[in-house]
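Structure file my_file_14.tsv; described as TSV, C-alpha atoms.
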chain	number	residue	atom	x	y	z
A	1	MET	CA	58.49	0.07	-49.05
A	2	GLU	CA	55.57	0.16	-46.61
A	3	ASP	CA	53.24	1.91	-49.07
A	4	GLU	CA	54.16	-0.60	-51.76
A	5	ALA	CA	53.63	-3.50	-49.33
A	6	ILE	CA	50.16	-2.19	-48.45
A	7	LYS	CA	49.24	-1.78	-52.12
A	8	ARG	CA	50.39	-5.30	-52.96
A	9	ALA	CA	48.68	-6.71	-49.89
A	10	MET	CA	45.38	-5.02	-50.77
A	11	GLU	CA	45.53	-6.80	-54.12
A	12	ASP	CA	46.45	-10.14	-52.55
A	13	PHE	CA	43.58	-9.93	-50.06
A	14	GLY	CA	41.09	-8.72	-52.68
A	15	ILE	CA	40.51	-5.33	-51.05
A	16	GLY	CA	39.39	-2.52	-53.35
A	17	GLU	CA	41.73	0.43	-53.78
A	18	THR	CA	38.94	2.85	-52.81
A	19	GLU	CA	38.77	1.45	-49.27
A	20	PRO	CA	40.08	4.04	-46.77
A	21	ILE	CA	43.30	3.13	-44.97
A	22	VAL	CA	44.01	4.60	-41.53
A	23	LEU	CA	47.23	4.02	-39.59
A	24	LEU	CA	46.25	2.76	-36.16
A	25	ARG	CA	49.72	2.45	-34.63
A	26	GLU	CA	53.32	1.74	-35.53
A	27	SER	CA	56.24	0.24	-33.64
A	28	ALA	CA	59.62	-1.31	-34.33
A	29	ASP	CA	57.77	-4.62	-34.84
A	30	ASN	CA	54.92	-3.69	-37.14
A	31	ALA	CA	52.54	-1.13	-38.57
A	32	VAL	CA	48.80	-1.68	-38.05
A	33	PHE	CA	46.09	-0.18	-40.25
A	34	ILE	CA	42.28	-0.14	-40.22
A	35	ILE	CA	40.86	-0.85	-43.67
A	36	GLY	CA	37.32	0.18	-44.66
A	37	THR	CA	34.42	1.93	-42.98
A	38	THR	CA	31.36	-0.35	-42.72
A	39	ASN	CA	33.19	-3.64	-43.24
A	40	LYS	CA	36.30	-2.87	-41.25
A	41	ARG	CA	39.35	-5.13	-41.15
A	42	VAL	CA	42.78	-4.78	-39.58
A	43	LEU	CA	45.91	-5.04	-41.74
A	44	ARG	CA	49.27	-5.64	-40.09
A	45	VAL	CA	52.61	-5.18	-41.84
A	46	SER	CA	55.22	-7.13	-39.87
A	47	LYS	CA	58.72	-5.69	-40.02
A	48	ARG	CA	60.83	-8.45	-38.50
A	49	LEU	CA	58.84	-11.65	-37.99
A	50	PRO	CA	59.95	-14.84	-39.76
A	51	VAL	CA	57.27	-16.86	-41.54
A	52	GLU	CA	57.52	-19.63	-38.94
A	53	ASP	CA	56.43	-17.19	-36.23
A	54	ILE	CA	53.42	-16.11	-38.28
A	55	ILE	CA	52.42	-19.76	-38.59
A	56	PHE	CA	52.74	-20.21	-34.81
A	57	GLU	CA	50.64	-17.10	-34.20
A	58	TYR	CA	47.98	-18.26	-36.67
A	59	GLU	CA	47.75	-21.66	-35.02
A	60	ALA	CA	47.54	-20.11	-31.54
A	61	VAL	CA	44.86	-17.57	-32.47
A	62	ASN	CA	42.85	-20.15	-34.39
A	63	TYR	CA	43.04	-22.53	-31.41
A	64	LEU	CA	41.87	-19.84	-28.99
A	65	ALA	CA	39.03	-18.70	-31.27
A	66	ASN	CA	37.86	-22.30	-31.66
A	67	ASN	CA	37.81	-22.54	-27.86
A	68	GLY	CA	35.55	-19.54	-27.49
A	69	LYS	CA	38.12	-16.88	-26.65
A	70	LEU	CA	37.53	-13.30	-27.79
A	71	VAL	CA	40.35	-13.01	-30.32
A	72	PRO	CA	40.21	-11.78	-33.94
A	73	ARG	CA	40.65	-14.50	-36.55
A	74	PHE	CA	43.01	-14.26	-39.49
A	75	LEU	CA	41.27	-13.53	-42.81
A	76	PRO	CA	42.51	-15.42	-45.87
A	77	ALA	CA	44.11	-13.94	-48.96
A	78	LYS	CA	42.76	-14.78	-52.42
A	79	SER	CA	45.31	-17.60	-52.55
A	80	GLY	CA	43.71	-19.21	-49.50
A	81	GLU	CA	46.80	-18.55	-47.37
A	82	TYR	CA	46.42	-16.59	-44.12
A	83	TYR	CA	49.32	-14.25	-44.90
A	84	THR	CA	50.93	-12.71	-47.94
A	85	LEU	CA	54.67	-12.32	-48.42
A	86	ILE	CA	55.83	-9.17	-50.20
A	87	ASP	CA	59.19	-9.39	-52.00
A	88	GLY	CA	60.14	-12.40	-49.93
A	89	ALA	CA	60.66	-10.32	-46.78
A	90	THR	CA	57.62	-8.34	-45.60
A	91	ILE	CA	54.76	-10.38	-44.13
A	92	VAL	CA	51.27	-8.90	-44.20
A	93	VAL	CA	48.24	-10.38	-42.45
A	94	LEU	CA	44.57	-9.38	-42.29
A	95	PHE	CA	42.38	-9.76	-39.19
A	96	GLU	CA	38.77	-9.45	-38.23
A	97	PHE	CA	37.87	-6.09	-36.69
A	98	ILE	CA	36.82	-6.04	-33.03
A	99	LYS	CA	34.18	-3.50	-32.07
A	100	GLY	CA	35.16	-1.85	-28.84
A	101	HIS	CA	37.74	0.50	-27.42
A	102	HIS	CA	41.00	0.15	-25.57
A	103	ILE	CA	41.82	2.42	-22.69
A	104	GLU	CA	44.76	4.80	-22.64
A	105	VAL	CA	46.72	3.99	-19.51
A	106	ASP	CA	49.58	6.13	-18.24
A	107	LYS	CA	50.83	7.59	-14.98
A	108	ASP	CA	48.10	10.25	-14.90
A	109	HIS	CA	45.33	8.02	-16.23
A	110	PRO	CA	45.29	4.72	-14.32
A	111	PRO	CA	42.73	2.06	-15.22
A	112	THR	CA	39.75	1.54	-12.96
A	113	SER	CA	39.62	-1.47	-10.67
A	114	ARG	CA	36.72	-2.81	-12.78
A	115	GLU	CA	38.69	-2.56	-16.02
A	116	THR	CA	41.73	-4.13	-14.41
A	117	PHE	CA	39.69	-6.97	-12.88
A	118	GLU	CA	38.20	-7.70	-16.32
A	119	ALA	CA	41.66	-7.62	-17.89
A	120	GLY	CA	42.92	-10.16	-15.37
A	121	LYS	CA	39.95	-12.42	-16.12
A	122	GLY	CA	40.69	-12.17	-19.84
A	123	LEU	CA	44.28	-13.30	-19.40
A	124	ALA	CA	43.15	-16.23	-17.26
A	125	GLY	CA	40.83	-17.28	-20.06
A	126	ILE	CA	43.74	-17.36	-22.50
A	127	HIS	CA	45.77	-19.50	-20.11
A	128	ASN	CA	42.90	-21.87	-19.34
A	129	ALA	CA	42.28	-22.52	-23.02
A	130	GLY	CA	45.94	-22.47	-24.06
A	131	LYS	CA	47.34	-24.99	-21.61
A	132	LYS	CA	46.70	-27.82	-24.10
A	133	PHE	CA	47.78	-25.89	-27.19
A	134	ARG	CA	50.53	-27.41	-29.30
A	135	SER	CA	51.99	-25.89	-32.44
A	136	THR	CA	53.42	-27.68	-35.45
A	137	LEU	CA	56.46	-25.38	-35.19
A	138	THR	CA	58.85	-24.09	-32.55
A	139	ARG	CA	58.57	-20.33	-32.38
A	140	HIS	CA	61.68	-18.21	-32.89
A	141	ARG	CA	60.48	-15.52	-30.50
A	142	THR	CA	60.61	-16.49	-26.85
A	143	ILE	CA	60.50	-14.72	-23.50
A	144	PHE	CA	64.30	-14.45	-23.78
A	145	SER	CA	64.44	-12.83	-27.23
A	146	GLU	CA	64.81	-9.22	-26.10
A	147	LEU	CA	67.26	-10.03	-23.30
A	148	GLU	CA	69.38	-12.03	-25.75
A	149	ARG	CA	69.72	-8.97	-28.00
A	150	VAL	CA	71.93	-7.42	-25.30
A	151	SER	CA	74.82	-9.92	-25.35
A	152	PRO	CA	76.18	-9.07	-28.84
A	153	LEU	CA	76.23	-5.41	-27.74
A	154	GLU	CA	78.21	-6.05	-24.56
A	155	LYS	CA	81.15	-3.84	-25.51
A	156	VAL	CA	78.85	-0.93	-26.39
A	157	PHE	CA	76.94	-1.21	-23.12
A	158	ILE	CA	80.10	-1.46	-20.99
A	159	ASP	CA	82.09	1.23	-22.81
A	160	GLU	CA	79.36	3.75	-23.59
A	161	PHE	CA	76.56	3.38	-21.01
A	162	GLU	CA	76.58	4.65	-17.45
A	163	GLY	CA	75.61	1.54	-15.49
A	164	GLY	CA	76.19	-0.68	-18.52
A	165	LYS	CA	78.39	-3.24	-16.75
A	166	ASP	CA	75.80	-3.87	-14.03
A	167	PHE	CA	73.08	-4.01	-16.68
A	168	MET	CA	74.95	-6.78	-18.52
A	169	LYS	CA	75.21	-8.82	-15.33
A	170	GLN	CA	71.55	-8.31	-14.54
A	171	VAL	CA	70.51	-9.43	-18.01
A	172	GLU	CA	72.65	-12.58	-17.71
A	173	GLY	CA	71.12	-13.27	-14.29
A	174	ALA	CA	67.58	-12.85	-15.64
A	175	ILE	CA	68.24	-15.30	-18.48
A	176	ASP	CA	69.66	-17.84	-16.02
A	177	PHE	CA	66.65	-17.36	-13.73
A	178	GLY	CA	64.14	-17.87	-16.55
A	179	LYS	CA	65.85	-20.96	-17.94
A	180	ALA	CA	66.07	-22.56	-14.49
A	181	TYR	CA	62.31	-22.21	-13.88
A	182	VAL	CA	60.47	-25.53	-13.60
A	183	GLY	CA	56.86	-24.41	-12.97
A	184	ASP	CA	53.74	-24.54	-15.16
A	185	THR	CA	54.08	-23.58	-18.82
A	186	GLY	CA	51.56	-23.05	-21.60
A	187	LEU	CA	50.49	-20.63	-24.30
A	188	ILE	CA	51.06	-17.06	-23.13
A	189	HIS	CA	50.17	-13.75	-24.77
A	190	ASN	CA	53.52	-12.21	-23.77
A	191	ASP	CA	52.45	-8.62	-24.53
A	192	TYR	CA	49.37	-8.15	-22.36
A	193	ARG	CA	49.19	-4.37	-22.24
A	194	ALA	CA	46.17	-2.08	-22.11
A	195	GLY	CA	46.47	-1.26	-25.82
A	196	ASN	CA	45.91	-4.92	-26.67
A	197	VAL	CA	42.69	-5.35	-24.68
A	198	PHE	CA	39.31	-4.04	-25.89
A	199	PHE	CA	36.24	-3.16	-23.82
A	200	ASP	CA	32.62	-2.27	-24.50
A	201	ASP	CA	30.90	0.76	-22.97
A	202	ALA	CA	30.00	-1.25	-19.85
A	203	ASP	CA	33.70	-2.07	-19.25
A	204	HIS	CA	33.28	-5.71	-20.24
A	205	LEU	CA	36.23	-7.22	-22.08
A	206	VAL	CA	35.29	-7.88	-25.72
A	207	GLY	CA	38.58	-8.73	-27.36
A	208	ILE	CA	42.29	-9.44	-26.99
A	209	VAL	CA	44.62	-8.69	-29.91
A	210	ASP	CA	48.27	-8.78	-30.99
A	211	PHE	CA	49.51	-12.31	-30.40
A	212	ASP	CA	52.70	-11.69	-32.39
A	213	TRP	CA	54.76	-12.20	-29.20
A	214	SER	CA	52.80	-15.24	-28.02
A	215	CYS	CA	54.79	-18.38	-27.23
A	216	ILE	CA	54.95	-21.41	-24.97
A	217	ALA	CA	56.48	-20.24	-21.70
A	218	PRO	CA	55.96	-20.02	-17.91
A	219	ILE	CA	52.42	-18.87	-17.16
A	220	THR	CA	53.65	-16.71	-14.28
A	221	LYS	CA	55.70	-14.61	-16.67
A	222	ASP	CA	52.50	-13.55	-18.48
A	223	VAL	CA	50.74	-12.70	-15.23
A	224	ALA	CA	53.82	-10.76	-14.13
A	225	LEU	CA	53.87	-8.58	-17.24
A	226	GLY	CA	50.12	-8.08	-16.93
A	227	VAL	CA	50.17	-6.81	-13.36
A	228	LEU	CA	53.23	-4.69	-14.17
A	229	GLU	CA	51.67	-3.01	-17.20
A	230	TRP	CA	48.30	-2.35	-15.61
A	231	SER	CA	49.49	-1.22	-12.18
A	232	CYS	CA	52.70	0.53	-13.16
A	233	PRO	CA	52.16	2.14	-16.61
A	234	ASP	CA	54.40	4.41	-18.67
A	235	ALA	CA	56.25	7.10	-16.71
A	236	SER	CA	55.63	5.25	-13.42
A	237	THR	CA	58.43	3.62	-11.47
A	238	GLU	CA	56.37	2.07	-8.67
A	239	PRO	CA	53.04	0.23	-8.87
A	240	ASP	CA	49.61	1.19	-7.63
A	241	PHE	CA	49.01	-1.88	-5.48
A	242	LYS	CA	45.23	-1.35	-5.53
A	243	ILE	CA	45.35	-1.88	-9.30
A	244	PHE	CA	47.93	-4.64	-8.90
A	245	ASP	CA	45.59	-6.53	-6.56
A	246	ALA	CA	42.56	-5.95	-8.83
A	247	PHE	CA	44.36	-7.56	-11.77
A	248	LEU	CA	45.44	-10.53	-9.69
A	249	GLU	CA	41.95	-10.90	-8.20
A	250	GLY	CA	40.41	-10.90	-11.67
A	251	TYR	CA	42.93	-13.44	-12.86
A	252	ASN	CA	42.39	-15.76	-9.90
A	253	PHE	CA	38.60	-15.39	-10.19
A	254	ALA	CA	38.74	-17.09	-13.61
A	255	ALA	CA	41.98	-19.09	-13.63
A	256	ASP	CA	42.06	-22.85	-13.38
A	257	LYS	CA	45.27	-22.47	-11.42
A	258	LYS	CA	45.64	-19.47	-9.11
A	259	GLN	CA	48.67	-17.16	-8.95
A	260	ALA	CA	50.03	-16.12	-5.56
A	261	LYS	CA	51.28	-12.64	-4.73
A	262	ASP	CA	54.64	-14.04	-3.69
A	263	GLN	CA	58.36	-13.80	-4.31
A	264	MET	CA	58.17	-15.85	-7.52
A	265	LEU	CA	55.68	-13.38	-8.99
A	266	TYR	CA	57.87	-10.42	-7.99
A	267	ASP	CA	60.91	-12.10	-9.55
A	268	TRP	CA	59.05	-12.63	-12.83
A	269	ILE	CA	57.87	-9.00	-12.76
A	270	ALA	CA	61.51	-7.93	-12.46
A	271	PHE	CA	62.33	-10.24	-15.39
A	272	ALA	CA	59.56	-8.67	-17.52
A	273	ALA	CA	60.65	-5.12	-16.65
A	274	LEU	CA	64.29	-5.85	-17.49
A	275	SER	CA	63.25	-7.40	-20.80
A	276	ASP	CA	61.37	-4.22	-21.71
A	277	ALA	CA	64.39	-2.13	-20.67
A	278	ALA	CA	66.54	-4.27	-22.98
A	279	THR	CA	64.14	-3.56	-25.85
A	280	TYR	CA	64.25	0.17	-25.10
A	281	PHE	CA	68.04	0.38	-25.18
A	282	CYS	CA	68.68	-2.05	-28.04
A	283	ASP	CA	66.18	-0.27	-30.29
A	284	ARG	CA	67.91	3.08	-29.65
A	285	ILE	CA	71.54	2.08	-29.44
A	286	GLY	CA	72.32	3.46	-32.90
A	287	ASP	CA	70.72	6.82	-32.15
A	288	PRO	CA	73.44	9.33	-31.19
A	289	THR	CA	70.86	11.50	-29.39
A	290	ALA	CA	69.57	8.65	-27.20
A	291	THR	CA	70.47	8.53	-23.53
A	292	ARG	CA	73.50	6.52	-22.42
A	293	ARG	CA	72.40	6.16	-18.81
A	294	ILE	CA	70.73	2.87	-17.85
A	295	SER	CA	68.88	4.37	-14.89
A	296	SER	CA	67.10	6.81	-17.23
A	297	SER	CA	64.74	4.04	-18.36
A	298	TYR	CA	61.39	3.84	-16.56
A	299	MET	CA	61.31	0.11	-17.21
A	300	TYR	CA	64.76	-0.28	-15.67
A	301	ARG	CA	63.63	1.57	-12.56
A	302	LYS	CA	60.61	-0.75	-12.38
A	303	TYR	CA	63.06	-3.62	-12.56
A	304	GLN	CA	65.03	-2.13	-9.67
A	305	PHE	CA	61.87	-1.75	-7.59
A	306	PHE	CA	60.70	-5.34	-8.06
A	307	SER	CA	64.13	-6.94	-7.90
A	308	ALA	CA	64.40	-5.46	-4.39
A	309	LYS	CA	60.79	-6.29	-3.46
A	310	LYS	CA	60.27	-9.06	-0.92
A	311	SER	CA	56.96	-10.83	-0.34
Would you encode the structure as structure tokens?
Amino acid sequence: MEDEAIKRAMEDFGIGETEPIVLLRESADNAVFIIGTTNKRVLRVSKRLPVEDIIFEYEAVNYLANNGKLVPRFLPAKSGEYYTLIDGATIVVLFEFIKGHHIEVDKDHPPTSRETFEAGKGLAGIHNAGKKFRSTLTRHRTIFSELERVSPLEKVFIDEFEGGKDFMKQVEGAIDFGKAYVGDTGLIHNDYRAGNVFFDDADHLVGIVDFDWSCIAPITKDVALGVLEWSCPDASTEPDFKIFDAFLEGYNFAADKKQAKDQMLYDWIAFAALSDAATYFCDRIGDPTATRRISSSYMYRKYQFFSAKKS
């Protein structure tokens, strides 16, 4: 289906069949391709987004671009629409190409303090511009979406997972915590990882991509995921607080409203880590070879670290 969707989308966007197509990355959410050589564009095949969420994303990205933020604009199809719908189910969009590179961050390859500071500044810029953003639609995806996937699977988690009963209680507690929050809200990226931030050769931030998880939500949640991802990357279970502080310093250097390194931030980091753990387990629950031990997840162990952390 994906090959057919790409072929149909190429026609809908007026892209010649001779243009090279290179898979950039693929996830449970989407597949992303680079189209062309000299006039490069980015094609994204969304696997599970409703049309309403694409409209929200388009409005958010267009708003940020119009306010001078370094985000790639949607490119129109021949119909004039900013997406094409294949067989009524698969949504394909085309974006401008950003020249730059993203850094590969993992346990053995931490980002530099300069890169992390710049990343923090970039997120602050999104929040500064996005605080007045309003969409014509309510987005289906929210900061609770991945946690809410757990509840229908309660019996599986309790019966089949070591630590599943505690995990269920922790997920319920995180949802209650998030819904009780009464602080500042605005447009958030909601997936601010190193792979979604582009730099030039002088380590200046030149672009932020992948707003398919963006939504209106507590600003602190976005900062929390940012410091978590940059200071405590894949295969890590505890943060590098030098990197943690560099991200927060960069954010506060540019932010209209500063974020404190306090208990509220730690609680939102725990929320973000548990949400990612929920994604990990829910995406693999049908795989008979997947682990059935909650503590095996790096993201869950990050959750444990920050849920016990006191400012």
Exercise: Ala129 in chain A partners within 8 Å, all atoms listed in the file, chain neighbours under 6 positions left out, as a VMD selection string: chain A and resid 64 67 69
Any idea what's packed within 7 Å of range 146-153 of chain A, counting all atoms listed in the file, ignoring anything in its chain fewer than 6 positions away? Could you give it as a list of chain:residue names?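 Final neighbour list, sorted by chain and number: A:Val171, A:Ser275, A:Ala278, A:Thr279, A:Cys282.
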Between A:Leu43, A:Ile294, A:Val22, A:Ala65, single out the one closest to Glu162 in chain A, counting all atoms listed in the file. A:Ile294
d(CA of Ala273 in chain A, CA of Tyr58 in chain A) in Å: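 Between CA of Ala273 in chain A and CA of Tyr58 in chain A the gap is 27.1 Å.
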In terms of only C-alpha atoms, the residue from A:Tyr251, A:Phe281, A:Trp230, A:Phe306 at minimal distance from Ile269 in chain A is A:Phe306
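Distance-wise, CA of Asp87 in chain A and CA of Val45 in chain A end up 12.8 Å apart.
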Report, in Å with one decimal, the straight-line distance from CA of Thr116 in chain A to CA of Phe247 in chain A. 5.1 Å
For Gly130 in chain A, which residue out of A:Gly163, A:Gly68, A:Gly178, A:Pro76 is the nearest one, using all atoms listed in the file?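 Smallest distance to Gly130 in chain A is found for A:Gly68.
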Write out as a PDB file with C-alpha atoms, in the frame of the given file which residues come within 8 Å of Ala246 in chain A when counting only C-alpha atoms, dropping same-chain ones fewer than 4 positions away.
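Once written, part.pdb looks like this:
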ATOM      1  CA  SER A 113      39.620  -1.470 -10.670  1.00  0.00           C
ATOM      2  CA  ARG A 114      36.720  -2.810 -12.780  1.00  0.00           C
ATOM      3  CA  THR A 116      41.730  -4.130 -14.410  1.00  0.00           C
ATOM      4  CA  PHE A 117      39.690  -6.970 -12.880  1.00  0.00           C
ATOM      5  CA  GLY A 120      42.920 -10.160 -15.370  1.00  0.00           C
ATOM      6  CA  LYS A 242      45.230  -1.350  -5.530  1.00  0.00           C
ATOM      7  CA  GLY A 250      40.410 -10.900 -11.670  1.00  0.00           C
TER       8      GLY A 250
END
At most 12 Å from (40.6, -20.6, -19.2), file frame, all atoms listed in the file: which residues, as an NGL selection string? :A and (64 or 67-70 or 120-133 or 186-188 or 251-258)
Find the residues near Ile91 in chain A: any atom within 7 Å, counting only C-alpha atoms, skip ones fewer than 6 places away on the same chain, and give them as a list in words.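 The residues that qualify are Val45, Ser46, Tyr83, Thr84 and Leu85 of chain A.
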Excluding Phe74 in chain A and any residue of its chain fewer than 4 positions from it, enumerate the residues within 12 Å of it, using all atoms listed in the file, and give them as a JSON list (two decimals) with C-alpha atoms, in the frame of the given file.
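Saved to out.json:
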[["chain", "number", "residue", "atom", "x", "y", "z"],
["A", 13, "PHE", "CA", 43.58, -9.93, -50.06],
["A", 41, "ARG", "CA", 39.35, -5.13, -41.15],
["A", 42, "VAL", "CA", 42.78, -4.78, -39.58],
["A", 43, "LEU", "CA", 45.91, -5.04, -41.74],
["A", 44, "ARG", "CA", 49.27, -5.64, -40.09],
["A", 54, "ILE", "CA", 53.42, -16.11, -38.28],
["A", 55, "ILE", "CA", 52.42, -19.76, -38.59],
["A", 57, "GLU", "CA", 50.64, -17.10, -34.20],
["A", 58, "TYR", "CA", 47.98, -18.26, -36.67],
["A", 59, "GLU", "CA", 47.75, -21.66, -35.02],
["A", 60, "ALA", "CA", 47.54, -20.11, -31.54],
["A", 61, "VAL", "CA", 44.86, -17.57, -32.47],
["A", 62, "ASN", "CA", 42.85, -20.15, -34.39],
["A", 63, "TYR", "CA", 43.04, -22.53, -31.41],
["A", 64, "LEU", "CA", 41.87, -19.84, -28.99],
["A", 65, "ALA", "CA", 39.03, -18.70, -31.27],
["A", 80, "GLY", "CA", 43.71, -19.21, -49.50],
["A", 81, "GLU", "CA", 46.80, -18.55, -47.37],
["A", 82, "TYR", "CA", 46.42, -16.59, -44.12],
["A", 83, "TYR", "CA", 49.32, -14.25, -44.90],
["A", 84, "THR", "CA", 50.93, -12.71, -47.94],
["A", 92, "VAL", "CA", 51.27, -8.90, -44.20],
["A", 93, "VAL", "CA", 48.24, -10.38, -42.45],
["A", 94, "LEU", "CA", 44.57, -9.38, -42.29],
["A", 95, "PHE", "CA", 42.38, -9.76, -39.19],
["A", 96, "GLU", "CA", 38.77, -9.45, -38.23],
["A", 97, "PHE", "CA", 37.87, -6.09, -36.69],
["A", 209, "VAL", "CA", 44.62, -8.69, -29.91],
["A", 210, "ASP", "CA", 48.27, -8.78, -30.99],
["A", 211, "PHE", "CA", 49.51, -12.31, -30.40]]
Closest atom pairs, residues of range 41-71 of chain A within 8 Å of range 139-144 of chain A, all atoms listed in the file, as a tab-separated table:
residue	atom	partner	partner_atom	distance
A:Pro50	CA	A:His140	CA	7.8
A:Glu52	CA	A:Arg139	CA	6.7
A:Asp53	CA	A:Arg139	CA	5.4
A:Phe56	CA	A:Arg139	CA	6.3
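Proximity of A:Glu4, A:Asp12, A:Glu238, A:Asp222 to Thr185 in chain A, computed with only C-alpha atoms, is greatest for A:Asp222.
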Filled-in N, CA and C atoms of range 193-208 of chain A, supplied as a PDB file, in the frame of the given file:
ATOM      1  N   ARG A 193      49.235  -5.779 -22.623  1.00  0.00           N
ATOM      2  CA  ARG A 193      49.190  -4.370 -22.240  1.00  0.00           C
ATOM      3  C   ARG A 193      47.793  -3.816 -22.531  1.00  0.00           C
ATOM      4  N   ALA A 194      47.506  -2.652 -21.964  1.00  0.00           N
ATOM      5  CA  ALA A 194      46.170  -2.080 -22.110  1.00  0.00           C
ATOM      6  C   ALA A 194      45.794  -1.853 -23.572  1.00  0.00           C
ATOM      7  N   GLY A 195      46.758  -1.509 -24.408  1.00  0.00           N
ATOM      8  CA  GLY A 195      46.470  -1.260 -25.820  1.00  0.00           C
ATOM      9  C   GLY A 195      46.078  -2.499 -26.591  1.00  0.00           C
ATOM     10  N   ASN A 196      46.259  -3.673 -25.988  1.00  0.00           N
ATOM     11  CA  ASN A 196      45.910  -4.920 -26.670  1.00  0.00           C
ATOM     12  C   ASN A 196      44.645  -5.568 -26.131  1.00  0.00           C
ATOM     13  N   VAL A 197      43.916  -4.834 -25.289  1.00  0.00           N
ATOM     14  CA  VAL A 197      42.690  -5.350 -24.680  1.00  0.00           C
ATOM     15  C   VAL A 197      41.557  -4.368 -25.006  1.00  0.00           C
ATOM     16  N   PHE A 198      40.429  -4.894 -25.493  1.00  0.00           N
ATOM     17  CA  PHE A 198      39.310  -4.040 -25.890  1.00  0.00           C
ATOM     18  C   PHE A 198      38.101  -4.264 -24.989  1.00  0.00           C
ATOM     19  N   PHE A 199      37.405  -3.150 -24.702  1.00  0.00           N
ATOM     20  CA  PHE A 199      36.240  -3.160 -23.820  1.00  0.00           C
ATOM     21  C   PHE A 199      35.027  -2.595 -24.539  1.00  0.00           C
ATOM     22  N   ASP A 200      33.824  -2.948 -24.034  1.00  0.00           N
ATOM     23  CA  ASP A 200      32.620  -2.270 -24.500  1.00  0.00           C
ATOM     24  C   ASP A 200      32.327  -1.104 -23.557  1.00  0.00           C
ATOM     25  N   ASP A 201      31.204  -0.430 -23.767  1.00  0.00           N
ATOM     26  CA  ASP A 201      30.900   0.760 -22.970  1.00  0.00           C
ATOM     27  C   ASP A 201      30.562   0.438 -21.520  1.00  0.00           C
ATOM     28  N   ALA A 202      30.286  -0.840 -21.233  1.00  0.00           N
ATOM     29  CA  ALA A 202      30.000  -1.250 -19.850  1.00  0.00           C
ATOM     30  C   ALA A 202      31.247  -1.819 -19.169  1.00  0.00           C
ATOM     31  N   ASP A 203      32.408  -1.614 -19.788  1.00  0.00           N
ATOM     32  CA  ASP A 203      33.700  -2.070 -19.250  1.00  0.00           C
ATOM     33  C   ASP A 203      33.844  -3.588 -19.231  1.00  0.00           C
ATOM     34  N   HIS A 204      33.081  -4.279 -20.079  1.00  0.00           N
ATOM     35  CA  HIS A 204      33.280  -5.710 -20.240  1.00  0.00           C
ATOM     36  C   HIS A 204      34.341  -5.938 -21.319  1.00  0.00           C
ATOM     37  N   LEU A 205      35.202  -6.904 -21.099  1.00  0.00           N
ATOM     38  CA  LEU A 205      36.230  -7.220 -22.080  1.00  0.00           C
ATOM     39  C   LEU A 205      35.586  -7.867 -23.303  1.00  0.00           C
ATOM     40  N   VAL A 206      35.890  -7.352 -24.494  1.00  0.00           N
ATOM     41  CA  VAL A 206      35.290  -7.880 -25.720  1.00  0.00           C
ATOM     42  C   VAL A 206      36.319  -8.394 -26.713  1.00  0.00           C
ATOM     43  N   GLY A 207      37.591  -8.221 -26.426  1.00  0.00           N
ATOM     44  CA  GLY A 207      38.580  -8.730 -27.360  1.00  0.00           C
ATOM     45  C   GLY A 207      40.007  -8.555 -26.865  1.00  0.00           C
ATOM     46  N   ILE A 208      40.856  -9.487 -27.278  1.00  0.00           N
ATOM     47  CA  ILE A 208      42.290  -9.440 -26.990  1.00  0.00           C
ATOM     48  C   ILE A 208      43.021  -9.594 -28.320  1.00  0.00           C
TER      49      ILE A 208
END
